[in-house]
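Asker: Take a look at the following structure, please.
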There are 4 protein chains.
Amino acid sequence: MIVVMQRGASEREIEIVVAALRQRNLTPHLSAGVERTVIGVLGPVGPTGVAGALGGITPEVGEALAGMEGVEQVLEVSKPYKLASRDFHPEPTVIRVESPAGEVLIGGREVVMMAGPCTVESEEQLLEAARAARSGGAKVLRGGAYKPSTSPYGFRGLGVAGLELLTQARTETGLAVVTEVMTPAEVELVASHADILQVGARNMQNYYLLDEVGRSHKPVMLKRGLSATIEEWLLAAEYILSQGNPNVMLCERGIRTFERMTRNTVDINAVPLVKQLSHLPVIVDPSQGTGKRSLVASVTLAAVAAGADGLLVEIHPHPDAALKDGAQSLHLGQYAELMPGVRAVAQAIGRV
Amino acid sequence: MIVVMQRGASEREIEIVVAALRQRNLTPHLSAGVERTVIGVLGPVGPTGVAGALGGITPEVGEALAGMEGVEQVLEVSKPYKLASRDFHPEPTVIRVESPAGEVLIGGREVVMMAGPCTVESEEQLLEAARAARSGGAKVLRGGAYKPSTSPYGFRGLGVAGLELLTQARTETGLAVVTEVMTPAEVELVASHADILQVGARNMQNYYLLDEVGRSHKPVMLKRGLSATIEEWLLAAEYILSQGNPNVMLCERGIRTFERMTRNTVDINAVPLVKQLSHLPVIVDPSQGTGKRSLVASVTLAAVAAGADGLLVEIHPHPDAALKDGAQSLHLGQYAELMPGVRAVAQAIGRV
Amino acid sequence: MIVVMQRGASEREIEIVVAALRQRNLTPHLSAGVERTVIGVLGPVGPTGVAGALGGITPEVGEALAGMEGVEQVLEVSKPYKLASRDFHPEPTVIRVESPAGEVLIGGREVVMMAGPCTVESEEQLLEAARAARSGGAKVLRGGAYKPSTSPYGFRGLGVAGLELLTQARTETGLAVVTEVMTPAEVELVASHADILQVGARNMQNYYLLDEVGRSHKPVMLKRGLSATIEEWLLAAEYILSQGNPNVMLCERGIRTFERMTRNTVDINAVPLVKQLSHLPVIVDPSQGTGKRSLVASVTLAAVAAGADGLLVEIHPHPDAALKDGAQSLHLGQYAELMPGVRAVAQAIGRV
Amino acid sequence: MIVVMQRGASEREIEIVVAALRQRNLTPHLSAGVERTVIGVLGPVGPTGVAGALGGITPEVGEALAGMEGVEQVLEVSKPYKLASRDFHPEPTVIRVESPAGEVLIGGREVVMMAGPCTVESEEQLLEAARAARSGGAKVLRGGAYKPSTSPYGFRGLGVAGLELLTQARTETGLAVVTEVMTPAEVELVASHADILQVGARNMQNYYLLDEVGRSHKPVMLKRGLSATIEEWLLAAEYILSQGNPNVMLCERGIRTFERMTRNTVDINAVPLVKQLSHLPVIVDPSQGTGKRSLVASVTLAAVAAGADGLLVEIHPHPDAALKDGAQSLHLGQYAELMPGVRAVAQAIGRV
């Protein structure tokens, strides 16, 4: 941590900052430049809370210092996450997901396709989509039983009945299942039907939920929040990892920007960047990420080329009649046509 | 709802859209212009879900139509919220909040000051802040017992002990208490100590939590999400209202933009706009909204001038030693100095 | 254009809107729904200005109506650009760029590589980069002689001397040259040295400059503004096209978002979307788009997979000593390593 | 400047960074922490360009270092602007603007009202608006003769005829005139009619134009770019100041965010923040900043309360017939009603 004093900060102000650091058992190193004094802070990154206030560089120390008289800014040097970081875990994490057809490896050489309807609507709809997903080479079936709806009057999913349909489709097709869990109290229930627990974008900073999926033994797909920075996203992963669950995959699903023609803006830069910062696998969701069916194929291919470890794609037997997100779901035929391209691009960059 | 067909959409494509509307018991009105056909849709705004798919304009119908062949865009004409809207409730809502010193009215002529520390840290800290808050004219004490922390290693609040300190401060000072509740399972507990339940920005779309505070009898302060549009914010309020709790106040606490010098950007436009769209009271939080102590006073006065019904301000006896958000907390003396200005501006616009 | 009246708008208010439309020779079509009246407006898209105020749907009519009493919103149905639109020009535009080594086709089957230093610094630097660019398969040499600098104390380019070095490199290597022009008065000068005139992101709405390059006979590369919507970008292209220059290529170079770890966010969705909306070729600049050398290769491949017609990549013999943008420039060796991947991905999607 | 090395950066990488600094005549100070090495850089902030590359901390040095092997990030400690900074010019700048009725002081105790139509349309329209502006207490008349139009088919202003009407209105009413200049070649012409030269938001980084108004003797109103950071805005002011023109006022006119219900988002935080960082006066434009007439009054009052030195408000005798921006222009009566509130709020904060 580096504390940059204002030009013309007084000796007294500098002394008070130094004292505040010492009080927290941190060691200040002063550099008095021509224009201003800069104070480097060395010391362990310590525990936090009431105890932490007295020792170590905690997330709160910088905040407190930034508000002190004569301080211009406080610059953080260390990354605030550890378990999620490549620095502490140089090898890429490969997550083993169970499925009736055997283990699916996420984060390895294969680009894993996950496909299915946005929302589980009926046995017929789900099974038709699941069979098409498998035929196209998907290893994981997606489908929502609990759905976040912006409006209280919108469809919120079939709930338990939806979970049971997912289990039925899983058995029939051999696909692993990824489905969303929205509240801590339902983690156990959802985990009893899902192979991967999805934490949705709106819940990326629902810390009780992160804690709870962190205590689960199931792999977790953590979607990036609509306006979450990459650092916040990795800190959310850190919540899960720090509870003992090492199997977290990060899903880029588009961020909110000023652009209005697409529902979200896929942050393609985030794919290689997160893979450099972290050892965790990165998935891309081009359906949510664009909101437009006509863009899904191109952005899927782009995600593969950028290095994504997996894709999460919405497909539907009858998108025009879909209960949710019809506009961004591929027809089953479009999905089937897209798959060879996915494999061709994967091979072009040395993957499968 | 208006369906705009593409230039050169075929007769067949238009027919399919019309059929899809009729299937949902909606009445299409075609206008064939020189360049393109536009289909106006009249019909009741109906229930949703599996049943809803067959009748009425639900939030999902537009999505499904937007993806159909030949459709360029679907324009929503009606507001998606009702109970939160001025159209359905022209009179402003005045919320009655209990306090030991009597009822506090929020949304009336008085601009209500709510002040206190970001986080409850100790009896001494809280009581000193609470007394200062009251002396400055605050009617409500703020203070967090459960705190969202971006990092799992950050301070997450004193929990129940914090709630008890709030109750103690409430009794001693006569102030009403507003404090955050973060998960459905804790609503009842927090409500037993709080006069106003705060739903934080990160939880604005935590729908289980919205449902649960909607079933509570306590007034709710709903903070705007970091990247929530005004429409999404009002829809979140609609969740609470539709569960039977009419006492929702909306708190603008800054949105996330590209600007990096301030923690957030207070959307001052939102204050008059939300008051035009909705009957619910609007509060502004200039502490979170700026993240910088030196900006809090000016933005507080701006919020009053813009028409805010209340203010939520962080104050701390020793901000430099605060466990959280020290950089944006006013010293007690700064708060005391600010209050006469608040009253002067309130009077300048005909309030108190 | 569709005028949506407020719920409860009075008969008088509706009449005034209708009269305002008729005064502009537009034909209003009223639909009186249960909740509100909607007025569809048919009529030619006419000229603007003082004359235009009296006839046709001009960009200003909607604005004026939107502010009238009783009007809730005005929805635009028609695209505001024509010459740039696929509707009016269904075939993709293929731009023929001259170079000493023959014509370069942009917008055809080949993904055209454009590489070179951010800024022309010296004969040695430029020639070394140009030779490497050509060896890697580039057809176009990029290099700035006039550079926008955020700070007045930053480097603003070598000017004419830089242009002359570009011409020298062009002659020696056979590459076509793309370089930026920053002000109308210099268009002729820059055009005498460049094969493609670049309009930079900061100048995307410099309308005098757009007019002037529109009167030039050289192809134009129009970079997207930092916060320009796709519609605004296409309207900027429309400026150039409407002056008679049909050879406009659009360059996505990253937009400004809240994310701070990358200089910009490449809007990968924009690549297929713009190609659907417009017939103009789309180029991607992964150097500006990421601001980080370590991300350039992955994002380059992603751009190819997404359907870009060309790439604009910064390379430098000694990035660490670069006068500008060193952090995002590839070493010549990195560029050479990247090229086979570019071709492999291009072939995977059926291009070369 | 502080160079933060990666965890595990090699000795060799550190040496290369140190050598690169020494080569630029900068003095590196190494701090080897437990986790990583940090290199503080002291030295003069020097000239730039080819010469500058060899000495001093220029804007480009950090960029080059940031891309070197083993470097994690480069943190800038010093502000990149000087002449615009409070550090170098502690006293607030008060700009003296000429008008037939005497000097108008901007940046002093008075909150200066500037009002008028968005665009000069006719003698009658302009004079009617100008008289109303003056009656309401405005000291400056605004009105565009050259107008930026997003569409090439939009109205681009009356040009010279508009300037002449402004001069006529100036003579008749005694008001000073502020009007936009869009290209370097027209600065002299516009300056011969205007008392304040306005640089529009789209031109905030049109450096040739900044240079040229910097060489003019007329005060300049520099609007903030749609997505310009505060630092970039101050650097744009620095361009003008560094050419010798000390009379720059900064106009906050709303920034572009994700919110779609308002045209822009007024960054109210920027008002006190810029006044702390800089000595230059700050103006707020609530018309452009909101895009909605119904919000202008509240945001005007908020801007005064936040500490703005002036206001730029669009008024029109017949907004419904305005050629431009009708939806955000106040009726003359609304403006007259607003003025007493402006004065009341100004007095409430100790201004006039």
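Labeling convention for the structure tokens: chains A, B, ... as they appear, residues from 1 per chain, ligands from 1 in order of appearance.
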I need the contact residues of chain B against chain D, so if you could list those with any atom within 9 Å, counting only C-alpha atoms, and return them as a PyMOL selection string, that would help.
Answerer: chain B and resi 227-231+255-262+264-273+276+289-290+294-307+341-349
Asker: Step one, run DSSP on the backbone; step two, keep only residues of segment 137-318 of chain C assigned to helix (DSSP H, G or I); then write them as a VMD selection string.
Answerer: chain C and resid 160 to 173 184 to 191 201 to 203 207 to 215 230 to 242 270 to 277 286 to 290 293 to 306
Asker: Might you pull out every residue within 8 Å of Arg156 of chain C, with only C-alpha atoms counted and same-chain residues fewer than 4 positions away left off, and present them as a list of chain:residue names?
Answerer: C:Tyr146, C:Lys147, C:Pro148, C:Ser149, D:Gly49
Asker: Give me the residues near Val284 of chain B as a PyMOL selection string, where near means some atom within 8 Å (using only C-alpha atoms) and where sequence neighbours in that chain fewer than 4 positions away do not count.
Answerer: chain B and resi 251-253+300+303+308+310-312
Asker: Based on the selection just made, write all heavy atoms of those residues as a compact mmCIF listing (two decimals), in the first residue's frame.
Answerer:
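The resulting file, part.txt, is shown below:
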```txt
# COMPACT_ATOMS: atom_id res chain seq x y z
N CYS B 251 -33.78 5.00 -2.22
CA CYS B 251 -32.56 5.73 -1.88
C CYS B 251 -31.56 5.72 -3.03
O CYS B 251 -30.99 4.69 -3.38
CB CYS B 251 -31.93 5.14 -0.61
SG CYS B 251 -30.42 6.02 -0.13
N GLU B 252 -31.33 6.91 -3.60
CA GLU B 252 -30.30 7.11 -4.63
C GLU B 252 -28.96 7.19 -3.92
O GLU B 252 -28.76 8.07 -3.07
CB GLU B 252 -30.58 8.40 -5.39
CG GLU B 252 -29.43 8.96 -6.21
CD GLU B 252 -28.97 8.06 -7.35
OE1 GLU B 252 -29.82 7.40 -7.96
OE2 GLU B 252 -27.75 8.02 -7.61
N ARG B 253 -28.04 6.31 -4.26
CA ARG B 253 -26.76 6.26 -3.54
C ARG B 253 -25.58 6.27 -4.51
O ARG B 253 -24.48 5.86 -4.15
CB ARG B 253 -26.72 5.06 -2.59
CG ARG B 253 -27.22 3.77 -3.12
CD ARG B 253 -26.33 3.10 -4.09
NE ARG B 253 -25.18 2.52 -3.40
CZ ARG B 253 -24.01 2.33 -3.97
NH1 ARG B 253 -23.81 2.66 -5.25
NH2 ARG B 253 -23.01 1.80 -3.30
N THR B 300 -24.93 16.97 -0.38
CA THR B 300 -26.10 16.97 0.51
C THR B 300 -27.01 18.16 0.19
O THR B 300 -28.23 18.01 0.03
CB THR B 300 -25.64 17.05 1.98
OG1 THR B 300 -24.87 15.88 2.29
CG2 THR B 300 -26.82 17.14 2.94
N ALA B 303 -28.80 17.68 -3.05
CA ALA B 303 -29.90 16.72 -2.97
C ALA B 303 -31.15 17.38 -2.40
O ALA B 303 -32.27 17.15 -2.87
CB ALA B 303 -29.48 15.52 -2.12
N ALA B 308 -35.06 16.00 -2.67
CA ALA B 308 -35.02 14.78 -1.87
C ALA B 308 -35.87 14.93 -0.61
O ALA B 308 -35.94 16.00 -0.01
CB ALA B 308 -33.58 14.44 -1.49
N GLY B 310 -35.31 13.03 2.03
CA GLY B 310 -34.48 12.69 3.18
C GLY B 310 -33.06 12.49 2.74
O GLY B 310 -32.76 12.40 1.54
N LEU B 311 -32.17 12.43 3.73
CA LEU B 311 -30.74 12.27 3.47
C LEU B 311 -30.19 11.21 4.38
O LEU B 311 -30.60 11.10 5.54
CB LEU B 311 -30.02 13.59 3.75
CG LEU B 311 -30.45 14.70 2.79
CD1 LEU B 311 -30.35 16.04 3.46
CD2 LEU B 311 -29.62 14.63 1.53
N LEU B 312 -29.26 10.46 3.87
CA LEU B 312 -28.63 9.40 4.65
C LEU B 312 -27.13 9.71 4.67
O LEU B 312 -26.47 9.59 3.63
CB LEU B 312 -28.88 8.06 3.96
CG LEU B 312 -28.56 6.79 4.72
CD1 LEU B 312 -29.52 6.60 5.88
CD2 LEU B 312 -28.67 5.58 3.78
```
Asker: Find the distance between atom CA of Met182 of chain C and atom CA of Leu210 of chain D and write it in Å to one decimal.
Answerer: 12.6 Å
Asker: Mind checking DSSP for segment 61-204 of chain B and telling me the strand (DSSP E or B) residues as a VMD selection string?
Answerer: chain B and resid 71 to 75 85 95 to 97 104 to 106 112 to 116 119 140 to 142 144 176 to 180 196 to 199
Asker: Could you give me, as a list of chain:residue names, the residues within 6 Å of segment 198-207 of chain A, counting only C-alpha atoms and dropping anything in the same chain fewer than 3 positions from it?
Answerer: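 Contacts, in chain order: A:Thr179, A:Glu180, A:Leu210, A:Val220, A:Met221, A:Leu222, A:Lys223, A:Arg224, A:Gly225.
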Asker: Do you know which residues are at most 10 Å from Ala194 of chain B counting only C-alpha atoms, after dropping those on the same chain fewer than 3 positions away, and could you put them as an mmCIF file with all heavy atoms, in the first residue's frame?
Answerer:
```
data_model
loop_
_atom_site.group_PDB
_atom_site.id
_atom_site.type_symbol
_atom_site.label_atom_id
_atom_site.label_comp_id
_atom_site.auth_asym_id
_atom_site.auth_seq_id
_atom_site.Cartn_x
_atom_site.Cartn_y
_atom_site.Cartn_z
ATOM 1 N N GLU B 98 -41.979 4.769 13.159
ATOM 2 C CA GLU B 98 -42.044 4.884 14.620
ATOM 3 C C GLU B 98 -40.677 5.237 15.201
ATOM 4 O O GLU B 98 -39.652 4.778 14.720
ATOM 5 C CB GLU B 98 -42.441 3.538 15.225
ATOM 6 C CG GLU B 98 -43.901 3.215 15.059
ATOM 7 C CD GLU B 98 -44.171 1.832 15.621
ATOM 8 O OE1 GLU B 98 -43.906 1.625 16.833
ATOM 9 O OE2 GLU B 98 -44.618 0.969 14.839
ATOM 10 N N SER B 99 -40.712 5.997 16.282
ATOM 11 C CA SER B 99 -39.487 6.212 17.054
ATOM 12 C C SER B 99 -39.904 6.509 18.486
ATOM 13 O O SER B 99 -41.052 6.896 18.722
ATOM 14 C CB SER B 99 -38.668 7.367 16.476
ATOM 15 O OG SER B 99 -39.095 8.600 17.011
ATOM 16 N N LEU B 141 -31.437 7.283 13.040
ATOM 17 C CA LEU B 141 -30.046 6.867 13.223
ATOM 18 C C LEU B 141 -29.731 5.748 12.236
ATOM 19 O O LEU B 141 -30.437 4.746 12.185
ATOM 20 C CB LEU B 141 -29.862 6.343 14.652
ATOM 21 C CG LEU B 141 -28.493 5.704 14.979
ATOM 22 C CD1 LEU B 141 -27.373 6.733 14.922
ATOM 23 C CD2 LEU B 141 -28.551 5.016 16.348
ATOM 24 N N ARG B 142 -28.670 5.926 11.469
ATOM 25 C CA ARG B 142 -28.248 4.840 10.601
ATOM 26 C C ARG B 142 -27.059 4.120 11.244
ATOM 27 O O ARG B 142 -26.338 4.698 12.056
ATOM 28 C CB ARG B 142 -27.846 5.342 9.213
ATOM 29 C CG ARG B 142 -26.736 6.366 9.185
ATOM 30 C CD ARG B 142 -26.041 6.343 7.840
ATOM 31 N NE ARG B 142 -25.379 5.067 7.708
ATOM 32 C CZ ARG B 142 -25.064 4.476 6.576
ATOM 33 N NH1 ARG B 142 -25.324 5.077 5.447
ATOM 34 N NH2 ARG B 142 -24.469 3.301 6.556
ATOM 35 N N LEU B 163 -27.032 -5.048 16.419
ATOM 36 C CA LEU B 163 -28.462 -4.728 16.506
ATOM 37 C C LEU B 163 -28.826 -4.270 17.908
ATOM 38 O O LEU B 163 -29.596 -3.317 18.099
ATOM 39 C CB LEU B 163 -29.309 -5.952 16.132
ATOM 40 C CG LEU B 163 -29.250 -6.417 14.669
ATOM 41 C CD1 LEU B 163 -30.079 -7.691 14.501
ATOM 42 C CD2 LEU B 163 -29.766 -5.327 13.724
ATOM 43 N N LEU B 166 -27.797 -0.827 18.539
ATOM 44 C CA LEU B 166 -28.705 0.116 17.880
ATOM 45 C C LEU B 166 -29.955 0.339 18.726
ATOM 46 O O LEU B 166 -30.442 1.468 18.859
ATOM 47 C CB LEU B 166 -29.091 -0.411 16.492
ATOM 48 C CG LEU B 166 -27.990 -0.267 15.420
ATOM 49 C CD1 LEU B 166 -28.317 -1.105 14.192
ATOM 50 C CD2 LEU B 166 -27.791 1.204 15.026
ATOM 51 N N THR B 167 -30.477 -0.752 19.273
ATOM 52 C CA THR B 167 -31.670 -0.621 20.116
ATOM 53 C C THR B 167 -31.365 0.226 21.346
ATOM 54 O O THR B 167 -32.176 1.062 21.776
ATOM 55 C CB THR B 167 -32.181 -2.021 20.500
ATOM 56 O OG1 THR B 167 -32.659 -2.657 19.306
ATOM 57 C CG2 THR B 167 -33.305 -1.947 21.517
ATOM 58 N N ARG B 170 -31.185 3.772 20.235
ATOM 59 C CA ARG B 170 -32.546 4.212 19.929
ATOM 60 C C ARG B 170 -33.260 4.663 21.206
ATOM 61 O O ARG B 170 -33.877 5.729 21.268
ATOM 62 C CB ARG B 170 -33.292 3.031 19.283
ATOM 63 C CG ARG B 170 -34.734 3.289 18.900
ATOM 64 C CD ARG B 170 -35.358 2.017 18.349
ATOM 65 N NE ARG B 170 -36.643 2.268 17.718
ATOM 66 C CZ ARG B 170 -37.809 2.245 18.365
ATOM 67 N NH1 ARG B 170 -37.839 1.971 19.657
ATOM 68 N NH2 ARG B 170 -38.932 2.503 17.715
ATOM 69 N N ALA B 176 -35.313 7.037 15.555
ATOM 70 C CA ALA B 176 -35.669 5.791 14.861
ATOM 71 C C ALA B 176 -34.389 5.176 14.296
ATOM 72 O O ALA B 176 -33.378 5.861 14.145
ATOM 73 C CB ALA B 176 -36.649 6.091 13.724
ATOM 74 N N VAL B 177 -34.445 3.890 14.003
ATOM 75 C CA VAL B 177 -33.244 3.195 13.531
ATOM 76 C C VAL B 177 -33.472 2.619 12.135
ATOM 77 O O VAL B 177 -34.480 1.964 11.888
ATOM 78 C CB VAL B 177 -32.858 2.056 14.504
ATOM 79 C CG1 VAL B 177 -31.924 1.047 13.846
ATOM 80 C CG2 VAL B 177 -32.207 2.633 15.759
ATOM 81 N N VAL B 178 -32.515 2.883 11.230
ATOM 82 C CA VAL B 178 -32.505 2.210 9.926
ATOM 83 C C VAL B 178 -31.228 1.373 9.849
ATOM 84 O O VAL B 178 -30.142 1.852 10.149
ATOM 85 C CB VAL B 178 -32.583 3.205 8.741
ATOM 86 C CG1 VAL B 178 -31.454 4.227 8.743
ATOM 87 C CG2 VAL B 178 -32.594 2.447 7.410
ATOM 88 N N THR B 179 -31.389 0.106 9.485
ATOM 89 C CA THR B 179 -30.212 -0.759 9.376
ATOM 90 C C THR B 179 -30.466 -1.808 8.307
ATOM 91 O O THR B 179 -31.617 -2.133 7.992
ATOM 92 C CB THR B 179 -29.862 -1.378 10.759
ATOM 93 O OG1 THR B 179 -28.526 -1.896 10.703
ATOM 94 C CG2 THR B 179 -30.813 -2.492 11.149
ATOM 95 N N GLU B 180 -29.374 -2.303 7.774
ATOM 96 C CA GLU B 180 -29.479 -3.180 6.605
ATOM 97 C C GLU B 180 -29.800 -4.618 6.977
ATOM 98 O O GLU B 180 -29.300 -5.153 7.965
ATOM 99 C CB GLU B 180 -28.149 -3.153 5.823
ATOM 100 C CG GLU B 180 -28.186 -4.030 4.578
ATOM 101 C CD GLU B 180 -27.092 -3.728 3.568
ATOM 102 O OE1 GLU B 180 -26.321 -2.761 3.766
ATOM 103 O OE2 GLU B 180 -27.014 -4.461 2.568
ATOM 104 N N VAL B 181 -30.622 -5.239 6.137
ATOM 105 C CA VAL B 181 -30.860 -6.677 6.259
ATOM 106 C C VAL B 181 -30.398 -7.297 4.945
ATOM 107 O O VAL B 181 -30.688 -6.786 3.870
ATOM 108 C CB VAL B 181 -32.333 -6.995 6.578
ATOM 109 C CG1 VAL B 181 -33.287 -6.434 5.533
ATOM 110 C CG2 VAL B 181 -32.529 -8.503 6.728
ATOM 111 N N VAL B 187 -34.654 -11.323 8.155
ATOM 112 C CA VAL B 187 -35.575 -10.182 8.121
ATOM 113 C C VAL B 187 -36.297 -10.025 9.455
ATOM 114 O O VAL B 187 -36.391 -8.921 10.008
ATOM 115 C CB VAL B 187 -36.589 -10.318 6.955
ATOM 116 C CG1 VAL B 187 -37.720 -9.305 7.096
ATOM 117 C CG2 VAL B 187 -35.872 -10.150 5.617
ATOM 118 N N GLU B 188 -36.780 -11.125 9.979
ATOM 119 C CA GLU B 188 -37.558 -11.027 11.216
ATOM 120 C C GLU B 188 -36.682 -10.500 12.360
ATOM 121 O O GLU B 188 -37.096 -9.615 13.114
ATOM 122 C CB GLU B 188 -38.142 -12.404 11.561
ATOM 123 C CG GLU B 188 -39.273 -12.313 12.565
ATOM 124 C CD GLU B 188 -39.884 -13.687 12.845
ATOM 125 O OE1 GLU B 188 -39.972 -14.494 11.889
ATOM 126 O OE2 GLU B 188 -40.231 -13.947 14.013
ATOM 127 N N LEU B 189 -35.487 -11.059 12.453
ATOM 128 C CA LEU B 189 -34.558 -10.608 13.498
ATOM 129 C C LEU B 189 -34.252 -9.124 13.367
ATOM 130 O O LEU B 189 -34.367 -8.356 14.338
ATOM 131 C CB LEU B 189 -33.248 -11.414 13.390
ATOM 132 C CG LEU B 189 -32.088 -10.904 14.249
ATOM 133 C CD1 LEU B 189 -32.388 -11.057 15.730
ATOM 134 C CD2 LEU B 189 -30.790 -11.630 13.878
ATOM 135 N N VAL B 190 -33.877 -8.704 12.189
ATOM 136 C CA VAL B 190 -33.505 -7.295 12.002
ATOM 137 C C VAL B 190 -34.722 -6.407 12.247
ATOM 138 O O VAL B 190 -34.616 -5.344 12.879
ATOM 139 C CB VAL B 190 -32.889 -7.065 10.606
ATOM 140 C CG1 VAL B 190 -32.606 -5.582 10.383
ATOM 141 C CG2 VAL B 190 -31.599 -7.871 10.452
ATOM 142 N N ALA B 191 -35.895 -6.854 11.783
ATOM 143 C CA ALA B 191 -37.104 -6.051 11.964
ATOM 144 C C ALA B 191 -37.454 -5.868 13.437
ATOM 145 O O ALA B 191 -38.117 -4.896 13.809
ATOM 146 C CB ALA B 191 -38.274 -6.695 11.215
ATOM 147 N N LEU B 197 -36.167 -1.039 7.501
ATOM 148 C CA LEU B 197 -35.283 -2.087 6.978
ATOM 149 C C LEU B 197 -34.604 -1.577 5.718
ATOM 150 O O LEU B 197 -35.277 -1.160 4.774
ATOM 151 C CB LEU B 197 -36.102 -3.331 6.616
ATOM 152 C CG LEU B 197 -36.802 -4.034 7.763
ATOM 153 C CD1 LEU B 197 -37.776 -5.089 7.209
ATOM 154 C CD2 LEU B 197 -35.779 -4.688 8.691
ATOM 155 N N GLN B 198 -33.296 -1.610 5.711
ATOM 156 C CA GLN B 198 -32.580 -1.167 4.514
ATOM 157 C C GLN B 198 -32.226 -2.369 3.642
ATOM 158 O O GLN B 198 -31.663 -3.352 4.120
ATOM 159 C CB GLN B 198 -31.312 -0.427 4.928
ATOM 160 C CG GLN B 198 -30.490 0.046 3.733
ATOM 161 C CD GLN B 198 -29.229 0.774 4.159
ATOM 162 O OE1 GLN B 198 -29.266 1.653 5.020
ATOM 163 N NE2 GLN B 198 -28.101 0.391 3.595
ATOM 164 N N LYS B 218 -42.584 -3.484 8.470
ATOM 165 C CA LYS B 218 -41.714 -2.336 8.671
ATOM 166 C C LYS B 218 -41.483 -1.587 7.356
ATOM 167 O O LYS B 218 -41.373 -2.212 6.295
ATOM 168 C CB LYS B 218 -40.345 -2.816 9.203
ATOM 169 C CG LYS B 218 -40.376 -3.278 10.654
ATOM 170 C CD LYS B 218 -40.556 -2.121 11.617
ATOM 171 C CE LYS B 218 -40.918 -2.547 13.023
ATOM 172 N NZ LYS B 218 -39.812 -2.876 13.870
ATOM 173 N N PRO B 219 -41.358 -0.263 7.436
ATOM 174 C CA PRO B 219 -40.969 0.495 6.244
ATOM 175 C C PRO B 219 -39.629 0.002 5.713
ATOM 176 O O PRO B 219 -38.778 -0.473 6.478
ATOM 177 C CB PRO B 219 -40.852 1.931 6.749
ATOM 178 C CG PRO B 219 -41.732 1.985 7.957
ATOM 179 C CD PRO B 219 -41.630 0.623 8.581
#
```
Asker: Find the residues near Asn247 of chain D: any atom within 10 Å, counting only C-alpha atoms, skip ones fewer than 6 places away on the same chain, and give them as number ranges by chain.
Answerer: D: 93-97, 106, 196, 214, 217-221, 237, 240-241, 280-281
Asker: For a quick check of understanding, using only C-alpha atoms, which of A:Leu323, A:Ile16, A:Val120, A:Ala236 has the smallest distance to Lys82 of chain A?
Answerer: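 Closest residue, counting only C-alpha atoms: A:Ala236.
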Asker: So how many Å separate atom CA of Glu232 of chain B and atom CA of Trp233 of chain C, to one decimal?
Answerer: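 The value is 27.8 Å.
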